[in-house]
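Reproduced below: structure_22.cif, with mmCIF, C-alpha atoms, pLDDT in the B column; chains and numbers go by the auth columns.
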data_structure
loop_
_atom_site.group_PDB
_atom_site.id
_atom_site.type_symbol
_atom_site.label_atom_id
_atom_site.label_comp_id
_atom_site.label_asym_id
_atom_site.label_seq_id
_atom_site.Cartn_x
_atom_site.Cartn_y
_atom_site.Cartn_z
_atom_site.B_iso_or_equiv
_atom_site.auth_seq_id
_atom_site.auth_asym_id
ATOM 1 C CA MET A 1 132.865 77.762 58.279 54.00 1 A
ATOM 2 C CA ARG A 2 134.955 79.191 61.082 56.00 2 A
ATOM 3 C CA THR A 3 131.795 80.549 62.760 54.00 3 A
ATOM 4 C CA ALA A 4 130.178 77.133 62.566 54.00 4 A
ATOM 5 C CA PHE A 5 133.309 75.567 64.095 52.00 5 A
ATOM 6 C CA LEU A 6 133.319 78.089 66.968 49.00 6 A
ATOM 7 C CA ALA A 7 129.633 77.522 67.592 54.00 7 A
ATOM 8 C CA ILE A 8 130.168 73.753 67.766 57.00 8 A
ATOM 9 C CA ALA A 9 133.326 74.083 69.889 54.00 9 A
ATOM 10 C CA PHE A 10 131.771 76.422 72.447 53.00 10 A
ATOM 11 C CA ALA A 11 128.298 74.849 72.516 57.00 11 A
ATOM 12 C CA PRO A 12 129.088 72.689 75.593 59.00 12 A
ATOM 13 C CA LEU A 13 130.427 75.743 77.448 50.00 13 A
ATOM 14 C CA MET A 14 127.360 77.768 76.557 53.00 14 A
ATOM 15 C CA ALA A 15 125.074 74.925 77.630 56.00 15 A
ATOM 16 C CA ALA A 16 126.866 74.780 80.981 54.00 16 A
ATOM 17 C CA ALA A 17 126.791 78.564 81.440 53.00 17 A
ATOM 18 C CA LEU A 18 123.058 79.024 80.779 51.00 18 A
ATOM 19 C CA PRO A 19 121.869 77.117 83.889 57.00 19 A
ATOM 20 C CA ALA A 20 124.468 78.995 85.953 55.00 20 A
ATOM 21 C CA CYS A 21 123.078 82.287 84.655 56.00 21 A
ATOM 22 C CA SER A 22 119.546 81.142 85.463 62.00 22 A
ATOM 23 C CA ALA A 23 120.639 80.094 88.949 65.00 23 A
ATOM 24 C CA GLY A 24 122.353 83.464 89.376 74.00 24 A
ATOM 25 C CA ASN A 25 119.208 85.291 88.291 86.00 25 A
ATOM 26 C CA ALA A 26 117.100 83.241 90.695 83.00 26 A
ATOM 27 C CA ALA A 27 119.532 84.001 93.533 85.00 27 A
ATOM 28 C CA ASN A 28 119.464 87.698 92.662 88.00 28 A
ATOM 29 C CA GLU A 29 115.664 87.661 92.583 90.00 29 A
ATOM 30 C CA GLU A 30 115.527 85.920 95.974 90.00 30 A
ATOM 31 C CA LEU A 31 117.993 88.426 97.424 90.00 31 A
ATOM 32 C CA ALA A 32 115.943 91.346 96.040 89.00 32 A
ATOM 33 C CA GLN A 33 112.783 89.907 97.635 88.00 33 A
ATOM 34 C CA ARG A 34 114.519 89.495 100.994 88.00 34 A
ATOM 35 C CA VAL A 35 115.862 93.056 100.889 91.00 35 A
ATOM 36 C CA GLN A 36 112.393 94.371 99.980 90.00 36 A
ATOM 37 C CA ALA A 37 110.856 92.480 102.914 90.00 37 A
ATOM 38 C CA LEU A 38 113.417 94.026 105.297 92.00 38 A
ATOM 39 C CA GLU A 39 112.785 97.502 103.887 95.00 39 A
ATOM 40 C CA ASP A 40 109.029 96.989 104.226 95.00 40 A
ATOM 41 C CA GLU A 41 109.406 95.847 107.836 95.00 41 A
ATOM 42 C CA LYS A 42 111.555 98.903 108.605 96.00 42 A
ATOM 43 C CA GLU A 43 108.981 101.252 107.057 97.00 43 A
ATOM 44 C CA VAL A 44 106.091 99.625 108.936 97.00 44 A
ATOM 45 C CA LYS A 45 107.984 100.019 112.229 97.00 45 A
ATOM 46 C CA ARG A 46 108.590 103.672 111.353 97.00 46 A
ATOM 47 C CA VAL A 47 104.829 104.197 110.923 97.00 47 A
ATOM 48 C CA LEU A 48 104.216 102.619 114.338 96.00 48 A
ATOM 49 C CA VAL A 49 106.778 104.896 116.008 96.00 49 A
ATOM 50 C CA GLU A 50 105.528 108.011 114.204 96.00 50 A
ATOM 51 C CA TYR A 51 101.997 107.229 115.418 95.00 51 A
ATOM 52 C CA GLY A 52 103.094 108.042 118.965 94.00 52 A
ATOM 53 C CA GLU A 53 105.468 110.848 117.978 95.00 53 A
ATOM 54 C CA PHE A 54 102.900 112.768 115.942 95.00 54 A
ATOM 55 C CA LEU A 55 100.181 112.310 118.541 93.00 55 A
ATOM 56 C CA ASP A 56 102.492 113.498 121.335 94.00 56 A
ATOM 57 C CA ALA A 57 103.501 116.534 119.253 94.00 57 A
ATOM 58 C CA ARG A 58 99.808 117.241 118.552 94.00 58 A
ATOM 59 C CA ASP A 59 100.616 117.213 114.827 95.00 59 A
ATOM 60 C CA TYR A 60 97.165 115.949 113.888 95.00 60 A
ATOM 61 C CA HIS A 61 97.657 116.316 110.145 96.00 61 A
ATOM 62 C CA ALA A 62 100.833 114.193 110.111 96.00 62 A
ATOM 63 C CA TYR A 63 99.185 111.719 112.489 96.00 63 A
ATOM 64 C CA ALA A 64 96.079 111.345 110.311 97.00 64 A
ATOM 65 C CA SER A 65 98.249 110.941 107.195 97.00 65 A
ATOM 66 C CA LEU A 66 99.547 107.670 108.671 98.00 66 A
ATOM 67 C CA PHE A 67 96.133 106.130 107.932 97.00 67 A
ATOM 68 C CA ALA A 68 95.042 104.671 104.596 98.00 68 A
ATOM 69 C CA SER A 69 92.366 106.492 102.614 97.00 69 A
ATOM 70 C CA ASP A 70 89.855 104.052 104.157 97.00 70 A
ATOM 71 C CA GLY A 71 91.869 103.517 107.356 97.00 71 A
ATOM 72 C CA VAL A 72 89.844 103.191 110.553 95.00 72 A
ATOM 73 C CA TRP A 73 90.645 104.853 113.883 91.00 73 A
ATOM 74 C CA SER A 74 88.626 103.454 116.752 87.00 74 A
ATOM 75 C CA GLY A 75 88.862 104.479 120.382 81.00 75 A
ATOM 76 C CA GLY A 76 87.246 106.317 123.244 79.00 76 A
ATOM 77 C CA PHE A 77 86.036 109.119 120.954 84.00 77 A
ATOM 78 C CA GLY A 78 84.248 106.714 118.587 87.00 78 A
ATOM 79 C CA THR A 79 85.138 105.299 115.180 91.00 79 A
ATOM 80 C CA TYR A 80 86.378 107.411 112.261 94.00 80 A
ATOM 81 C CA THR A 81 87.319 106.461 108.710 96.00 81 A
ATOM 82 C CA GLY A 82 89.897 108.227 106.553 97.00 82 A
ATOM 83 C CA PRO A 83 92.581 110.819 107.335 97.00 83 A
ATOM 84 C CA ALA A 84 90.287 113.886 107.096 97.00 84 A
ATOM 85 C CA ALA A 85 87.767 112.480 109.588 96.00 85 A
ATOM 86 C CA ILE A 86 90.540 111.366 111.940 95.00 86 A
ATOM 87 C CA GLU A 87 92.220 114.779 111.864 96.00 87 A
ATOM 88 C CA ALA A 88 88.906 116.564 112.513 96.00 88 A
ATOM 89 C CA MET A 89 88.148 114.216 115.427 94.00 89 A
ATOM 90 C CA LEU A 90 91.491 114.998 117.060 93.00 90 A
ATOM 91 C CA GLU A 91 91.037 118.749 116.611 93.00 91 A
ATOM 92 C CA GLU A 92 87.570 118.562 118.119 93.00 92 A
ATOM 93 C CA ASN A 93 88.486 116.378 121.082 92.00 93 A
ATOM 94 C CA MET A 94 92.053 117.428 121.871 89.00 94 A
ATOM 95 C CA GLY A 95 92.057 121.052 120.738 88.00 95 A
ATOM 96 C CA SER A 96 94.395 122.859 118.380 85.00 96 A
ATOM 97 C CA HIS A 97 97.968 123.790 119.226 84.00 97 A
ATOM 98 C CA ALA A 98 100.515 126.273 117.901 85.00 98 A
ATOM 99 C CA ASP A 99 103.023 125.041 115.325 82.00 99 A
ATOM 100 C CA ASP A 100 105.852 125.424 117.851 87.00 100 A
ATOM 101 C CA TYR A 101 103.991 123.460 120.562 89.00 101 A
ATOM 102 C CA ILE A 102 106.205 121.273 122.751 90.00 102 A
ATOM 103 C CA ASN A 103 104.446 118.636 124.829 90.00 103 A
ATOM 104 C CA LYS A 104 105.888 118.694 128.346 90.00 104 A
ATOM 105 C CA GLU A 105 103.054 116.726 129.939 91.00 105 A
ATOM 106 C CA ASN A 106 103.072 113.211 128.449 92.00 106 A
ATOM 107 C CA PHE A 107 104.449 110.876 125.796 93.00 107 A
ATOM 108 C CA HIS A 108 104.081 107.388 124.310 94.00 108 A
ATOM 109 C CA LEU A 109 106.836 104.785 124.246 95.00 109 A
ATOM 110 C CA ASN A 110 106.281 101.954 121.739 94.00 110 A
ATOM 111 C CA THR A 111 108.135 98.663 122.216 93.00 111 A
ATOM 112 C CA THR A 112 108.408 95.008 121.168 94.00 112 A
ATOM 113 C CA MET A 113 107.260 95.517 117.595 96.00 113 A
ATOM 114 C CA VAL A 114 106.728 92.342 115.589 97.00 114 A
ATOM 115 C CA VAL A 115 105.905 92.839 111.902 97.00 115 A
ATOM 116 C CA ASP A 116 104.829 90.230 109.348 96.00 116 A
ATOM 117 C CA VAL A 117 104.823 91.513 105.757 96.00 117 A
ATOM 118 C CA ASP A 118 102.912 89.692 103.018 95.00 118 A
ATOM 119 C CA GLY A 119 103.243 91.579 99.744 94.00 119 A
ATOM 120 C CA ASP A 120 101.308 94.844 100.029 96.00 120 A
ATOM 121 C CA THR A 121 99.785 94.061 103.431 97.00 121 A
ATOM 122 C CA ALA A 122 101.320 93.670 106.864 97.00 122 A
ATOM 123 C CA LYS A 123 100.243 92.708 110.347 98.00 123 A
ATOM 124 C CA ALA A 124 101.976 94.120 113.391 97.00 124 A
ATOM 125 C CA ARG A 125 101.737 93.780 117.115 97.00 125 A
ATOM 126 C CA SER A 126 103.450 95.958 119.661 96.00 126 A
ATOM 127 C CA ARG A 127 103.257 97.249 123.205 96.00 127 A
ATOM 128 C CA TYR A 128 103.072 100.766 124.534 95.00 128 A
ATOM 129 C CA LEU A 129 103.662 102.681 127.724 95.00 129 A
ATOM 130 C CA PHE A 130 102.062 106.090 128.264 94.00 130 A
ATOM 131 C CA PHE A 131 104.049 108.387 130.527 95.00 131 A
ATOM 132 C CA VAL A 132 102.740 111.470 132.336 96.00 132 A
ATOM 133 C CA ALA A 133 104.499 114.061 134.472 94.00 133 A
ATOM 134 C CA SER A 134 104.174 113.563 138.215 94.00 134 A
ATOM 135 C CA PRO A 135 103.645 116.536 140.544 94.00 135 A
ATOM 136 C CA GLU A 136 107.432 116.426 141.058 95.00 136 A
ATOM 137 C CA ASN A 137 107.860 116.608 137.264 93.00 137 A
ATOM 138 C CA ARG A 138 109.084 113.018 136.959 95.00 138 A
ATOM 139 C CA PRO A 139 107.971 110.619 134.214 95.00 139 A
ATOM 140 C CA VAL A 140 105.442 108.120 135.566 96.00 140 A
ATOM 141 C CA VAL A 141 103.819 105.296 133.613 96.00 141 A
ATOM 142 C CA ALA A 142 100.076 105.924 133.593 95.00 142 A
ATOM 143 C CA LEU A 143 98.970 103.239 131.104 93.00 143 A
ATOM 144 C CA ALA A 144 100.366 100.099 129.501 95.00 144 A
ATOM 145 C CA GLY A 145 98.824 98.214 126.629 93.00 145 A
ATOM 146 C CA ARG A 146 99.231 96.559 123.280 93.00 146 A
ATOM 147 C CA TYR A 147 98.342 97.308 119.683 93.00 147 A
ATOM 148 C CA GLU A 148 97.254 95.007 116.862 94.00 148 A
ATOM 149 C CA ASP A 149 97.607 96.622 113.444 95.00 149 A
ATOM 150 C CA VAL A 150 96.836 95.856 109.830 98.00 150 A
ATOM 151 C CA LEU A 151 98.733 97.998 107.336 98.00 151 A
ATOM 152 C CA VAL A 152 98.555 98.338 103.559 98.00 152 A
ATOM 153 C CA ARG A 153 100.861 99.767 100.926 97.00 153 A
ATOM 154 C CA GLU A 154 98.992 102.697 99.385 97.00 154 A
ATOM 155 C CA ASP A 155 100.575 104.787 96.633 95.00 155 A
ATOM 156 C CA GLY A 156 103.954 103.276 97.526 95.00 156 A
ATOM 157 C CA ALA A 157 103.780 104.110 101.263 97.00 157 A
ATOM 158 C CA TRP A 158 102.756 101.988 104.240 98.00 158 A
ATOM 159 C CA LYS A 159 99.529 103.155 105.904 98.00 159 A
ATOM 160 C CA ILE A 160 97.445 101.970 108.847 97.00 160 A
ATOM 161 C CA LYS A 161 94.310 100.155 107.715 98.00 161 A
ATOM 162 C CA THR A 162 93.090 99.293 111.220 96.00 162 A
ATOM 163 C CA ARG A 163 94.504 99.600 114.727 91.00 163 A
ATOM 164 C CA LYS A 164 93.127 97.867 117.797 90.00 164 A
ATOM 165 C CA SER A 165 94.306 99.070 121.178 87.00 165 A
ATOM 166 C CA HIS A 166 94.032 96.796 124.176 88.00 166 A
ATOM 167 C CA GLY A 167 94.499 98.289 127.627 88.00 167 A
ATOM 168 C CA VAL A 168 96.541 95.942 129.809 90.00 168 A
ATOM 169 C CA ILE A 169 97.206 98.089 132.896 91.00 169 A
ATOM 170 C CA PRO A 170 94.626 99.152 133.803 87.00 170 A
ATOM 171 C CA TYR A 171 92.834 96.382 131.946 83.00 171 A
ATOM 172 C CA ARG A 172 90.314 97.504 129.376 74.00 172 A
ATOM 173 C CA ASP A 173 88.517 95.362 126.822 67.00 173 A
ATOM 174 C CA GLY A 174 89.165 96.300 123.204 58.00 174 A
ATOM 175 C CA ASN A 175 88.641 99.951 122.368 55.00 175 A
ATOM 176 C CA LYS A 176 86.039 100.684 125.008 59.00 176 A
ATOM 177 C CA PRO A 177 86.773 103.875 126.892 57.00 177 A
ATOM 178 C CA PRO A 178 88.056 103.291 130.404 54.00 178 A
ATOM 179 C CA PRO A 179 85.431 103.431 133.149 57.00 179 A
ATOM 180 C CA ALA A 180 85.196 106.721 135.020 61.00 180 A
ATOM 181 C CA GLN A 181 87.396 106.615 138.094 57.00 181 A
ATOM 182 C CA PRO A 182 88.329 109.230 140.647 55.00 182 A
ATOM 183 C CA PRO A 183 91.706 110.803 139.870 54.00 183 A
ATOM 184 C CA ALA A 184 94.588 109.048 141.585 52.00 184 A
ATOM 185 C CA ASP A 185 97.248 110.939 143.488 56.00 185 A
ATOM 186 C CA ILE A 186 100.449 110.008 141.642 53.00 186 A
ATOM 187 C CA SER A 187 102.673 110.929 144.602 49.00 187 A
ATOM 188 C CA ASP A 188 100.814 108.366 146.799 50.00 188 A
ATOM 189 C CA ALA A 189 101.436 105.694 144.143 46.00 189 A
ATOM 190 C CA LEU A 190 105.127 106.592 144.030 46.00 190 A
ATOM 191 C CA ASP A 191 105.381 106.381 147.832 48.00 191 A
ATOM 192 C CA ARG A 192 103.731 102.914 147.798 42.00 192 A
ATOM 193 C CA ASP A 193 106.160 101.739 145.086 45.00 193 A
ATOM 194 C CA GLN A 194 109.153 102.774 147.169 42.00 194 A
ATOM 195 C CA ASP A 195 107.969 100.868 150.286 41.00 195 A
#
Is it possible to express this structure as structure tokens?
Amino acid sequence: MRTAFLAIAFAPLMAAALPACSAGNAANEELAQRVQALEDEKEVKRVLVEYGEFLDARDYHAYASLFASDGVWSGGFGTYTGPAAIEAMLEENMGSHADDYINKENFHLNTTMVVDVDGDTAKARSRYLFFVASPENRPVVALAGRYEDVLVREDGAWKIKTRKSHGVIPYRDGNKPPPAQPPADISDALDRDQD
């Protein structure tokens, strides 16, 4: 009888508490989704930065591992699908390097990354500058462009599905290789910039 009395006495409190618990669960679920979206965005940006880092370090295996199993690399050397084909293409076209190789000739700088995550896919756009060493051993911007990427979550990690590179300075349409031009004297360009 006492149990029945307690159940009747506390029924209004329980009825009031259940919606509050449901609202709390919904808020927790929303917060978990927002945190996951931020973590996904951070991981996608990391992939975009590592793209340049690994290429500059000539770590072709790590670079190729940024691509999905059916990820497509397309550029001046052609179009290649999958990490193994991408790694082999880099070895063939850029040569192999010692494990302790340090690139003192050039590097990529990636900027203005905008990432939109939608579940297990993401779209990103960013800009890049490609620096080379001048004859005076100063960093000089040789190229500027933008990337458009599609990424996928594969086995729990973000991978590049496709990347389109657009040359802005000098302008180049899509992934076509740049037209053959005579080499420019970087010191002349620096002198003109200082005038």
Legend entry - Atom-to-atom span, atom CA of A:Val168 and atom CA of A:Leu55, Å: 20.2 Å
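Within 6 Å of the file-frame point (90.6, 102.2, 120.5), and using only C-alpha atoms, the polymer residues found are Ser74, Gly75, Gly76, Lys164, Ser165 and Asn175 of chain A.
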Legend entry - 12 Å contact set for stretch 102-116 of chain A, all atoms listed in the file, chain neighbours under 3 positions out, as JSON, numbers by chain: {"A": [37, 38, 39, 40, 41, 42, 43, 44, 45, 46, 47, 48, 49, 50, 51, 52, 53, 54, 55, 56, 57, 58, 59, 97, 98, 99, 119, 120, 121, 122, 123, 124, 125, 126, 127, 128, 129, 130, 131, 132, 133, 134, 135, 136, 137, 138, 139, 140, 141, 142, 143, 144, 145, 146, 147, 148, 149, 150, 151, 152]}
Legend entry - Closest of A:Tyr60, A:Val117, A:Arg172, A:His166 to A:Asn93 - atom-to-atom distances counting all atoms listed in the file: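 Using all atoms listed in the file, A:Asn93 sits closest to A:Tyr60.
Atom pair atom CA of A:Met89 / atom CA of A:Lys159: separated by 18.5 Å.
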Inset, instruction - Can you work out the spacing between atom CA of A:Glu87 and atom CA of A:His61 in Å, to one decimal? - result: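 That distance, rounded to one decimal, is 5.9 Å.
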Inset, instruction - Would you please work out which residue, of A:Ile169, A:Asn28, A:Ser65, A:Ala85, is nearest to A:Glu154 when using only C-alpha atoms? - result: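 Answer, going by the shortest atom-to-atom distance: A:Ser65.
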Legend entry - Of the listed residues A:Ile86, A:Asp100, A:Val72, A:Leu66, that which approaches A:Ala157 most closely, counting only C-alpha atoms: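 When distances to A:Ala157 are compared using only C-alpha atoms, the smallest one comes from A:Leu66.
Of the listed residues (A:Arg153, A:Glu29, A:Phe77, A:Pro83), A:Pro83 comes nearest to A:Tyr63; the distances count all atoms listed in the file.
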